[in-house]
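Engineer: My structure is in model-v8.tsv, and what it holds is TSV, C-alpha atoms and all ligand atoms:
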chain	number	residue	atom	x	y	z
F	1	MET	CA	-1.99	8.47	17.62
F	2	SER	CA	-3.87	11.58	16.40
F	3	GLN	CA	-7.42	10.95	15.27
F	4	ASP	CA	-8.33	11.37	11.61
F	5	LYS	CA	-10.84	14.23	11.26
F	6	VAL	CA	-9.68	15.30	7.77
F	7	PHE	CA	-13.12	14.92	6.15
F	8	ALA	CA	-15.25	15.44	9.28
F	9	SER	CA	-16.48	18.99	8.52
F	10	PRO	CA	-18.66	19.79	5.50
F	11	ARG	CA	-16.64	21.18	2.58
F	12	GLU	CA	-17.99	23.45	-0.11
F	13	GLN	CA	-15.66	22.01	-2.67
F	14	ILE	CA	-13.93	18.62	-2.53
F	15	GLU	CA	-10.39	18.75	-3.88
F	16	LYS	CA	-8.44	15.73	-5.06
F	17	PHE	CA	-7.00	13.66	-2.23
F	18	LYS	CA	-3.35	14.47	-1.44
F	19	PHE	CA	-0.85	12.88	0.93
F	20	ASP	CA	-0.10	16.26	2.47
F	21	ASP	CA	0.89	17.29	5.98
F	22	ARG	CA	-2.67	17.13	7.29
F	23	VAL	CA	-3.11	13.54	6.08
F	24	ALA	CA	0.39	12.45	7.16
F	25	SER	CA	-0.19	13.77	10.70
F	26	VAL	CA	-3.14	11.37	11.21
F	27	PHE	CA	-2.21	8.67	8.73
F	28	GLY	CA	-1.73	5.81	11.20
F	29	ASP	CA	-5.27	6.28	12.48
F	30	MET	CA	-6.68	6.93	8.98
F	31	ILE	CA	-5.35	3.79	7.35
F	32	SER	CA	-6.10	1.41	10.21
F	33	ARG	CA	-9.74	2.65	10.34
F	34	SER	CA	-10.09	2.70	6.53
F	35	VAL	CA	-8.56	-0.59	5.39
F	36	PRO	CA	-10.25	-3.68	6.81
F	37	GLY	CA	-7.57	-6.18	7.79
F	38	TYR	CA	-4.71	-3.66	7.61
F	39	GLY	CA	-3.06	-4.92	10.83
F	40	MET	CA	-3.28	-8.52	9.67
F	41	MET	CA	-1.75	-7.65	6.28
F	42	LEU	CA	1.22	-5.99	7.97
F	43	ASP	CA	1.76	-8.84	10.43
F	44	MET	CA	1.74	-11.35	7.57
F	45	ILE	CA	4.20	-9.26	5.54
F	46	GLY	CA	6.56	-9.95	8.44
F	47	VAL	CA	5.86	-13.68	8.18
F	48	ILE	CA	6.48	-13.56	4.41
F	49	ALA	CA	9.69	-11.57	4.91
F	50	ARG	CA	11.04	-14.22	7.26
F	51	GLU	CA	10.51	-16.84	4.53
F	52	VAL	CA	11.80	-15.01	1.47
F	53	VAL	CA	14.46	-12.46	2.45
F	54	THR	CA	17.98	-13.71	1.81
F	55	PRO	CA	21.19	-12.48	3.52
F	56	GLY	CA	22.90	-9.61	1.71
F	57	SER	CA	19.82	-8.67	-0.31
F	58	ASN	CA	17.69	-5.52	-0.48
F	59	CYS	CA	14.03	-5.15	0.52
F	60	TYR	CA	11.92	-2.33	-0.87
F	61	ASP	CA	8.73	-0.75	0.48
F	62	LEU	CA	7.24	1.28	-2.37
F	63	GLY	CA	4.82	3.93	-1.07
F	64	CYS	CA	6.07	3.38	2.48
F	65	SER	CA	4.04	6.22	4.09
F	66	LEU	CA	4.97	6.15	7.80
F	67	GLY	CA	7.00	2.95	7.50
F	68	ALA	CA	4.59	0.32	8.85
F	69	GLY	CA	5.70	-2.16	6.17
F	70	ILE	CA	9.37	-1.33	6.76
F	71	LEU	CA	9.03	-2.14	10.46
F	72	SER	CA	7.26	-5.46	9.77
F	73	VAL	CA	10.07	-6.48	7.44
F	74	ARG	CA	12.88	-5.08	9.62
F	75	HIS	CA	11.89	-7.21	12.60
F	76	ASN	CA	11.90	-10.38	10.48
F	77	LEU	CA	15.20	-10.21	8.59
F	78	PRO	CA	17.71	-13.07	8.67
F	79	ASP	CA	20.51	-10.69	9.75
F	80	ASP	CA	21.86	-7.15	9.49
F	81	SER	CA	23.44	-7.76	6.09
F	82	CYS	CA	20.02	-6.94	4.56
F	83	ARG	CA	19.07	-3.39	3.66
F	84	ILE	CA	15.57	-1.89	3.51
F	85	ILE	CA	14.79	0.97	1.17
F	86	GLY	CA	11.52	2.83	1.73
F	87	ILE	CA	10.26	5.15	-0.98
F	88	ASP	CA	7.45	7.69	-0.93
F	89	ASN	CA	6.98	10.87	-2.92
F	90	SER	CA	5.25	12.73	-0.06
F	91	GLU	CA	7.75	14.73	1.97
F	92	ALA	CA	5.18	14.95	4.78
F	93	MET	CA	5.28	11.13	4.94
F	94	THR	CA	9.01	10.53	4.53
F	95	SER	CA	10.06	13.07	7.17
F	96	ARG	CA	7.72	11.44	9.72
F	97	CYS	CA	8.74	7.98	8.55
F	98	GLN	CA	12.42	8.80	9.15
F	99	GLN	CA	11.62	9.83	12.75
F	100	ILE	CA	9.68	6.61	13.36
F	101	ILE	CA	12.52	4.49	11.98
F	102	ASP	CA	15.06	6.42	14.07
F	103	GLN	CA	13.10	5.47	17.20
F	104	ASP	CA	12.89	1.78	16.27
F	105	ASP	CA	15.29	-0.51	18.14
F	106	ALA	CA	16.17	-2.89	15.28
F	107	THR	CA	19.63	-2.44	13.78
F	108	SER	CA	19.40	-3.37	10.07
F	109	PRO	CA	20.12	-0.43	7.77
F	110	VAL	CA	17.10	1.47	6.45
F	111	GLU	CA	17.20	4.19	3.83
F	112	ILE	CA	14.16	6.44	3.32
F	113	ARG	CA	13.92	8.17	-0.05
F	114	CYS	CA	11.53	10.97	-0.94
F	115	GLN	CA	11.12	10.00	-4.56
F	116	ASP	CA	8.59	8.91	-7.17
F	117	ILE	CA	8.51	5.13	-7.29
F	118	MET	CA	8.56	5.38	-11.08
F	119	ASP	CA	12.11	6.78	-10.81
F	120	THR	CA	13.56	4.54	-8.15
F	121	GLU	CA	16.36	2.09	-8.80
F	122	ILE	CA	15.56	-1.48	-7.71
F	123	LYS	CA	18.40	-3.98	-7.52
F	124	ASN	CA	19.44	-7.14	-5.70
F	125	ALA	CA	15.93	-7.42	-4.20
F	126	SER	CA	14.59	-10.51	-2.48
F	127	LEU	CA	11.37	-8.76	-1.40
F	128	VAL	CA	9.42	-5.80	-2.76
F	129	VAL	CA	6.36	-4.65	-0.82
F	130	MET	CA	3.74	-2.47	-2.45
F	131	ASN	CA	1.06	-2.22	0.20
F	132	LEU	CA	-1.89	-0.20	-1.18
F	133	THR	CA	0.22	1.96	-3.50
F	134	LEU	CA	-0.14	0.67	-7.09
F	135	GLN	CA	-3.77	1.86	-6.95
F	136	PHE	CA	-2.46	5.46	-6.90
F	137	ILE	CA	-0.25	5.03	-9.98
F	138	GLU	CA	-1.66	6.12	-13.31
F	139	PRO	CA	-3.01	2.93	-14.96
F	140	ALA	CA	-0.78	3.28	-18.07
F	141	PHE	CA	2.34	3.27	-15.88
F	142	ARG	CA	1.40	0.22	-13.82
F	143	GLU	CA	2.77	-2.43	-16.15
F	144	PRO	CA	6.09	-0.62	-16.81
F	145	LEU	CA	6.49	-0.25	-13.03
F	146	LEU	CA	5.85	-3.95	-12.43
F	147	GLU	CA	8.36	-4.83	-15.19
F	148	HIS	CA	10.91	-2.59	-13.48
F	149	ILE	CA	10.26	-4.33	-10.15
F	150	TYR	CA	10.55	-7.73	-11.82
F	151	GLN	CA	13.93	-6.79	-13.33
F	152	GLY	CA	15.23	-5.69	-9.92
F	153	LEU	CA	14.20	-8.87	-8.10
F	154	ASN	CA	16.65	-11.72	-7.68
F	155	PRO	CA	15.55	-15.15	-8.97
F	156	GLY	CA	13.06	-16.54	-6.42
F	157	GLY	CA	12.30	-13.00	-5.21
F	158	VAL	CA	8.78	-11.97	-4.24
F	159	LEU	CA	6.53	-8.96	-4.72
F	160	VAL	CA	3.76	-8.48	-2.14
F	161	LEU	CA	1.04	-6.43	-3.80
F	162	SER	CA	-1.91	-5.28	-1.67
F	163	GLU	CA	-4.74	-3.33	-3.27
F	164	LYS	CA	-8.31	-2.18	-2.99
F	165	THR	CA	-9.96	-4.15	-5.79
F	166	ASN	CA	-12.99	-4.04	-8.01
F	167	LEU	CA	-15.02	-7.22	-7.97
F	168	PRO	CA	-15.78	-9.00	-11.25
F	169	ASN	CA	-19.57	-8.83	-11.07
F	170	GLU	CA	-22.12	-6.30	-9.86
F	171	HIS	CA	-23.48	-8.44	-7.03
F	172	GLU	CA	-20.03	-9.05	-5.50
F	173	GLN	CA	-19.04	-5.41	-6.02
F	174	ASP	CA	-22.20	-4.09	-4.32
F	175	THR	CA	-22.09	-6.60	-1.46
F	176	LEU	CA	-18.46	-6.04	-0.53
F	177	THR	CA	-18.69	-2.28	-1.00
F	178	ASP	CA	-21.65	-2.21	1.41
F	179	TYR	CA	-19.69	-4.21	3.98
F	180	TYR	CA	-16.66	-1.97	3.46
F	181	TYR	CA	-18.71	1.14	4.30
F	182	ALA	CA	-20.29	-0.70	7.23
F	183	PHE	CA	-16.73	-1.35	8.47
F	184	LYS	CA	-15.89	2.35	8.15
F	185	ARG	CA	-19.04	3.36	10.04
F	186	GLN	CA	-18.19	0.84	12.74
F	187	GLN	CA	-14.75	2.47	12.97
F	188	GLY	CA	-16.48	5.75	13.85
F	189	TYR	CA	-16.53	7.51	10.46
F	190	SER	CA	-19.74	9.45	9.73
F	191	ASP	CA	-21.63	9.18	6.45
F	192	LEU	CA	-20.38	12.69	5.61
F	193	GLU	CA	-16.74	11.70	6.17
F	194	ILE	CA	-17.18	8.57	4.08
F	195	ALA	CA	-18.89	10.47	1.24
F	196	GLN	CA	-16.39	13.38	1.17
F	197	LYS	CA	-13.36	11.08	1.21
F	198	ARG	CA	-14.86	8.90	-1.51
F	199	GLU	CA	-15.30	11.99	-3.70
F	200	ALA	CA	-11.73	13.19	-2.98
F	201	LEU	CA	-10.36	9.77	-3.97
F	202	ASP	CA	-12.42	9.54	-7.15
F	203	ASN	CA	-9.97	9.14	-10.07
F	204	VAL	CA	-7.03	9.31	-7.63
F	205	LEU	CA	-7.33	5.79	-6.22
F	206	ILE	CA	-8.20	3.64	-9.24
F	207	PRO	CA	-8.82	-0.03	-8.35
F	208	ASP	CA	-8.39	-2.96	-10.74
F	209	THR	CA	-9.95	-6.42	-10.64
F	210	LEU	CA	-7.98	-9.46	-9.52
F	211	GLY	CA	-8.06	-10.62	-13.16
F	212	THR	CA	-6.39	-7.42	-14.35
F	213	HIS	CA	-3.72	-7.73	-11.65
F	214	ARG	CA	-3.01	-11.34	-12.56
F	215	THR	CA	-2.74	-10.64	-16.30
F	216	ARG	CA	-0.53	-7.60	-15.76
F	217	LEU	CA	1.78	-9.37	-13.32
F	218	HIS	CA	2.24	-12.27	-15.74
F	219	GLN	CA	2.88	-9.83	-18.59
F	220	ALA	CA	5.54	-8.18	-16.44
F	221	GLY	CA	7.25	-11.58	-16.16
F	222	PHE	CA	6.10	-13.01	-12.81
F	223	SER	CA	5.71	-16.79	-12.97
F	224	HIS	CA	3.21	-17.35	-10.15
F	225	VAL	CA	0.56	-15.05	-8.73
F	226	THR	CA	-0.99	-16.24	-5.46
F	227	PRO	CA	-3.76	-14.35	-3.66
F	228	TRP	CA	-3.07	-14.82	0.06
F	229	PHE	CA	-5.39	-12.32	1.74
F	230	GLN	CA	-8.83	-10.88	1.20
F	231	CYS	CA	-11.02	-8.78	3.49
F	232	PHE	CA	-14.10	-7.42	1.74
F	233	ASN	CA	-12.80	-5.54	-1.34
F	234	PHE	CA	-9.14	-5.47	-0.21
F	235	MET	CA	-6.75	-8.14	-1.41
F	236	SER	CA	-3.09	-9.01	-1.24
F	237	LEU	CA	-1.16	-11.07	-3.78
F	238	LEU	CA	2.22	-12.77	-3.80
F	239	ALA	CA	3.97	-12.58	-7.15
F	240	HIS	CA	7.03	-14.82	-7.57
F	241	LYS	CA	9.90	-14.27	-9.96
B	1	LIG	C1	1.37	1.21	4.58
B	1	LIG	N1	2.30	1.20	2.32
B	1	LIG	O1	1.15	1.84	5.62
B	1	LIG	N2	5.69	7.50	-5.78
B	1	LIG	C2	5.96	7.31	-4.46
B	1	LIG	N3	4.98	7.24	-3.53
B	1	LIG	C3	3.71	7.35	-3.93
B	1	LIG	C4	3.37	7.55	-5.28
B	1	LIG	C5	4.41	7.63	-6.22
B	1	LIG	N4	4.20	7.82	-7.51
B	1	LIG	N5	2.02	7.63	-5.38
B	1	LIG	C6	1.54	7.49	-4.13
B	1	LIG	N6	2.56	7.32	-3.26
B	1	LIG	C7	1.64	2.02	3.33
B	1	LIG	C8	0.37	2.66	2.84
B	1	LIG	S1	-0.62	4.67	1.22
B	1	LIG	C9	-2.10	3.84	0.90
B	1	LIG	C10	0.48	3.28	1.48
B	1	LIG	C11	-3.34	4.56	1.21
B	1	LIG	C12	2.49	7.12	-1.81
B	1	LIG	C13	1.64	8.14	-1.06
B	1	LIG	O2	2.36	9.31	-0.78
B	1	LIG	C14	1.22	7.35	0.16
B	1	LIG	O3	2.09	7.58	1.25
B	1	LIG	C15	1.30	5.89	-0.27
B	1	LIG	O4	1.85	5.89	-1.58
B	1	LIG	C16	-0.05	5.18	-0.35
B	1	LIG	O5	1.36	-0.02	4.50
B	1	LIG	O6	-3.31	5.68	1.74
B	1	LIG	O7	-4.44	3.98	0.88
The structure given in the file should be rewritten as C-alpha cells.
Ligand code: GEK
Structural biologist:
Amino acid sequence: MSQDKVFASPREQIEKFKFDDRVASVFGDMISRSVPGYGMMLDMIGVIAREVVTPGSNCYDLGCSLGAGILSVRHNLPDDSCRIIGIDNSEAMTSRCQQIIDQDDATSPVEIRCQDIMDTEIKNASLVVMNLTLQFIEPAFREPLLEHIYQGLNPGGVLVLSEKTNLPNEHEQDTLTDYYYAFKRQQGYSDLEIAQKREALDNVLIPDTLGTHRTRLHQAGFSHVTPWFQCFNFMSLLAHK
C-alpha cells in the first residue's frame, strides 16, 4: 500500500480537499491512519451484513472509495442472488475500486457506478452502507438523501451510517479532538500534515452531532437509531426501517 504523503510538504496555499488521483492512489493508507477504529468498523459491517442481508436483495455502498465496505459485505452475503452496488463520484476512486473488485475471489455480482449519490437509484435494498460519506454532502441535501435511502430500503432494511461527529459540549469536543490528533501523530503524521489537511477539509467535511443525526434519521422515516460504535469523535449508527 502506498504511503500517504499528500500533505507532508509545506504548501503556500491550501486548496479544498478533493478525492483526486493523488488521494485515491494512497487512500487505503490515508483512511486507515486517519480514522481511529476504521478496521473495526469495516469488520463489523460484515457482521451486520450477515444478519440483515436477505436473498435476492440489493446492498449499496454510497461513497465506496476503493471498495473496502463492498468487500466486507460481499464476503458475508447469504448467497449469490444478492447484488452489491458501489457508488462514488470520484473517477480516480471508482476505476481503482473496479480493479480491486475484479481481483477479489468472491462471486456475488458487484456493480461500480461513478455517479453522485444524490442521483443514484436505490431499490430493493436490505442494506445501505454510508461509511464516512454523509459528512461530505452539503448539509441541506442530507435529509432528502436519507429520505431517498429510506424509500429504497425494504421493510426491516438497515442503513449503516458512520461519521466523524461533533460532540455536544465543549469539554467532550476538546478532549476527543485532542485524542484524535494524538492518534494521528501516533500513526506517523506530522503536525504540519495534520494542520494542512485540517485546513483543506474545512467546510468540505462538515460533521454533525449525534443529536442532529438522530433527529434527521427519524425525520427521514427510520424507526430506530442505534449507535453501535464510537472511537474518539468517530461514530457509527444503525438506522432501521
Ligand atoms: C470506506 N466508504 O473506505 N457522491 C458520490 N460520492 C461522493 C460524494 C457524492 N456526492 N461526495 C463524496 N463522495 C469508504 C470511505 S471516503 C471518507 C469514504 C473519507 C465520495 C468521495 O469521492 C470519497 O471516495 C468518499 O465519498 C468518502 O469505507 O475520505 O473520510
Engineer: Which distance in Å separates atom CA of F:Arg83 and atom CA of F:Tyr60, to one decimal?
Structural biologist: 8.5 Å
Engineer: Let me have the centre and edge lengths in Å, one decimal, of the box along x, y and z around every listed atom of stretch 234-239 of chain F with 6 Å of margin on each side, as lines of an AutoDock Vina configuration file.
Structural biologist:
center_x = -2.6
center_y = -9.1
center_z = -3.7
size_x = 25.1
size_y = 19.3
size_z = 18.9
Engineer: Using atom O1 of ligand LIG 1 (chain B) and atom CA of F:Ala68 as the two end points, give the distance in Å to one decimal.
Structural biologist: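 Atom-to-atom, atom O1 of ligand LIG 1 (chain B) to atom CA of F:Ala68, that is 5.0 Å.
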Engineer: List all protein, DNA and RNA residues that have at least one atom no more than 7 Å from any atom of ligand LIG 1 (chain B), counting only C-alpha atoms and all ligand atoms, and write them as a list in words.
Structural biologist: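 Using only C-alpha atoms and all ligand atoms, everything at most 7 Å from ligand LIG 1 (chain B) comes to Phe19, Ile31, Leu42, Asp61, Leu62, Gly63, Cys64, Ser65, Leu66, Gly67, Ala68, Gly69, Ile87, Asp88, Asn89, Ser90, Met93, Gln115, Asp116, Ile117, Met118, Met130, Asn131, Leu132, Thr133, Phe136 and Ile137 of chain F.
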Engineer: Considering all atoms listed in the file, return as an MDAnalysis selection string whatever protein or nucleic-acid residues lie within 9 Å of F:Met41, sequence-local ones (same chain, fewer than 5 positions apart) excluded.
Structural biologist: chainID F and resid 46 131 162 229 236
Engineer: Could you give me stretch 141-152 of chain F completed to all heavy atoms, formatted as a tab-separated table (two decimals), in the coordinates of the input?
Structural biologist:
chain	number	residue	atom	x	y	z
F	141	PHE	N	0.98	3.45	-16.39
F	141	PHE	CA	2.34	3.27	-15.88
F	141	PHE	C	2.47	2.01	-15.01
F	141	PHE	O	3.56	1.69	-14.55
F	141	PHE	CB	2.78	4.48	-15.04
F	141	PHE	CG	2.87	5.77	-15.81
F	141	PHE	CD1	2.70	6.99	-15.16
F	141	PHE	CD2	3.13	5.78	-17.17
F	141	PHE	CE1	2.78	8.19	-15.87
F	141	PHE	CE2	3.20	6.96	-17.89
F	141	PHE	CZ	3.03	8.17	-17.24
F	142	ARG	N	1.35	1.34	-14.77
F	142	ARG	CA	1.40	0.22	-13.82
F	142	ARG	C	2.22	-0.95	-14.36
F	142	ARG	O	3.04	-1.51	-13.63
F	142	ARG	CB	-0.03	-0.22	-13.44
F	142	ARG	CG	-0.74	0.86	-12.64
F	142	ARG	CD	-2.15	0.51	-12.23
F	142	ARG	NE	-2.76	1.70	-11.59
F	142	ARG	CZ	-3.96	1.75	-11.06
F	142	ARG	NH1	-4.75	0.68	-11.07
F	142	ARG	NH2	-4.41	2.87	-10.50
F	143	GLU	N	1.99	-1.30	-15.63
F	143	GLU	CA	2.77	-2.43	-16.15
F	143	GLU	C	4.26	-2.10	-16.26
F	143	GLU	O	5.10	-2.92	-15.83
F	143	GLU	CB	2.22	-2.93	-17.48
F	143	GLU	CG	2.85	-4.28	-17.80
F	143	GLU	CD	2.35	-4.90	-19.09
F	143	GLU	OE1	1.17	-4.73	-19.42
F	143	GLU	OE2	3.16	-5.57	-19.75
F	144	PRO	N	4.65	-0.94	-16.81
F	144	PRO	CA	6.09	-0.62	-16.81
F	144	PRO	C	6.70	-0.67	-15.41
F	144	PRO	O	7.83	-1.14	-15.23
F	144	PRO	CB	6.15	0.80	-17.38
F	144	PRO	CG	4.88	1.00	-18.12
F	144	PRO	CD	3.86	0.07	-17.52
F	145	LEU	N	5.96	-0.21	-14.40
F	145	LEU	CA	6.49	-0.25	-13.03
F	145	LEU	C	6.69	-1.69	-12.57
F	145	LEU	O	7.74	-2.03	-11.98
F	145	LEU	CB	5.54	0.50	-12.07
F	145	LEU	CG	5.90	0.42	-10.59
F	145	LEU	CD1	7.27	1.03	-10.31
F	145	LEU	CD2	4.83	1.13	-9.73
F	146	LEU	N	5.72	-2.54	-12.86
F	146	LEU	CA	5.85	-3.95	-12.43
F	146	LEU	C	7.01	-4.63	-13.17
F	146	LEU	O	7.72	-5.46	-12.59
F	146	LEU	CB	4.54	-4.71	-12.67
F	146	LEU	CG	3.37	-4.25	-11.78
F	146	LEU	CD1	2.08	-4.94	-12.18
F	146	LEU	CD2	3.67	-4.50	-10.30
F	147	GLU	N	7.21	-4.27	-14.44
F	147	GLU	CA	8.36	-4.83	-15.19
F	147	GLU	C	9.67	-4.40	-14.54
F	147	GLU	O	10.60	-5.18	-14.40
F	147	GLU	CB	8.34	-4.34	-16.65
F	147	GLU	CG	7.39	-5.14	-17.51
F	147	GLU	CD	7.19	-4.51	-18.89
F	147	GLU	OE1	8.02	-3.67	-19.31
F	147	GLU	OE2	6.19	-4.85	-19.54
F	148	HIS	N	9.72	-3.15	-14.13
F	148	HIS	CA	10.91	-2.59	-13.48
F	148	HIS	C	11.17	-3.34	-12.16
F	148	HIS	O	12.32	-3.68	-11.85
F	148	HIS	CB	10.66	-1.10	-13.25
F	148	HIS	CG	11.78	-0.37	-12.62
F	148	HIS	ND1	13.03	-0.27	-13.19
F	148	HIS	CD2	11.85	0.30	-11.43
F	148	HIS	CE1	13.82	0.43	-12.38
F	148	HIS	NE2	13.13	0.77	-11.31
F	149	ILE	N	10.12	-3.59	-11.41
F	149	ILE	CA	10.26	-4.33	-10.15
F	149	ILE	C	10.77	-5.74	-10.45
F	149	ILE	O	11.70	-6.25	-9.79
F	149	ILE	CB	8.91	-4.38	-9.38
F	149	ILE	CG1	8.52	-2.98	-8.92
F	149	ILE	CG2	8.98	-5.36	-8.20
F	149	ILE	CD1	7.09	-2.86	-8.39
F	150	TYR	N	10.16	-6.37	-11.45
F	150	TYR	CA	10.55	-7.73	-11.82
F	150	TYR	C	12.05	-7.79	-12.16
F	150	TYR	O	12.77	-8.69	-11.71
F	150	TYR	CB	9.71	-8.20	-13.01
F	150	TYR	CG	10.05	-9.60	-13.47
F	150	TYR	CD1	9.50	-10.71	-12.82
F	150	TYR	CD2	10.93	-9.81	-14.53
F	150	TYR	CE1	9.83	-12.00	-13.22
F	150	TYR	CE2	11.26	-11.09	-14.94
F	150	TYR	CZ	10.70	-12.18	-14.28
F	150	TYR	OH	11.04	-13.45	-14.66
F	151	GLN	N	12.50	-6.81	-12.93
F	151	GLN	CA	13.93	-6.79	-13.33
F	151	GLN	C	14.85	-6.66	-12.12
F	151	GLN	O	15.95	-7.21	-12.11
F	151	GLN	CB	14.21	-5.61	-14.29
F	151	GLN	CG	13.50	-5.66	-15.64
F	151	GLN	CD	13.76	-6.95	-16.41
F	151	GLN	OE1	14.83	-7.54	-16.27
F	151	GLN	NE2	12.80	-7.40	-17.21
F	152	GLY	N	14.39	-5.93	-11.09
F	152	GLY	CA	15.23	-5.69	-9.92
F	152	GLY	C	15.22	-6.81	-8.89
F	152	GLY	O	16.02	-6.81	-7.95
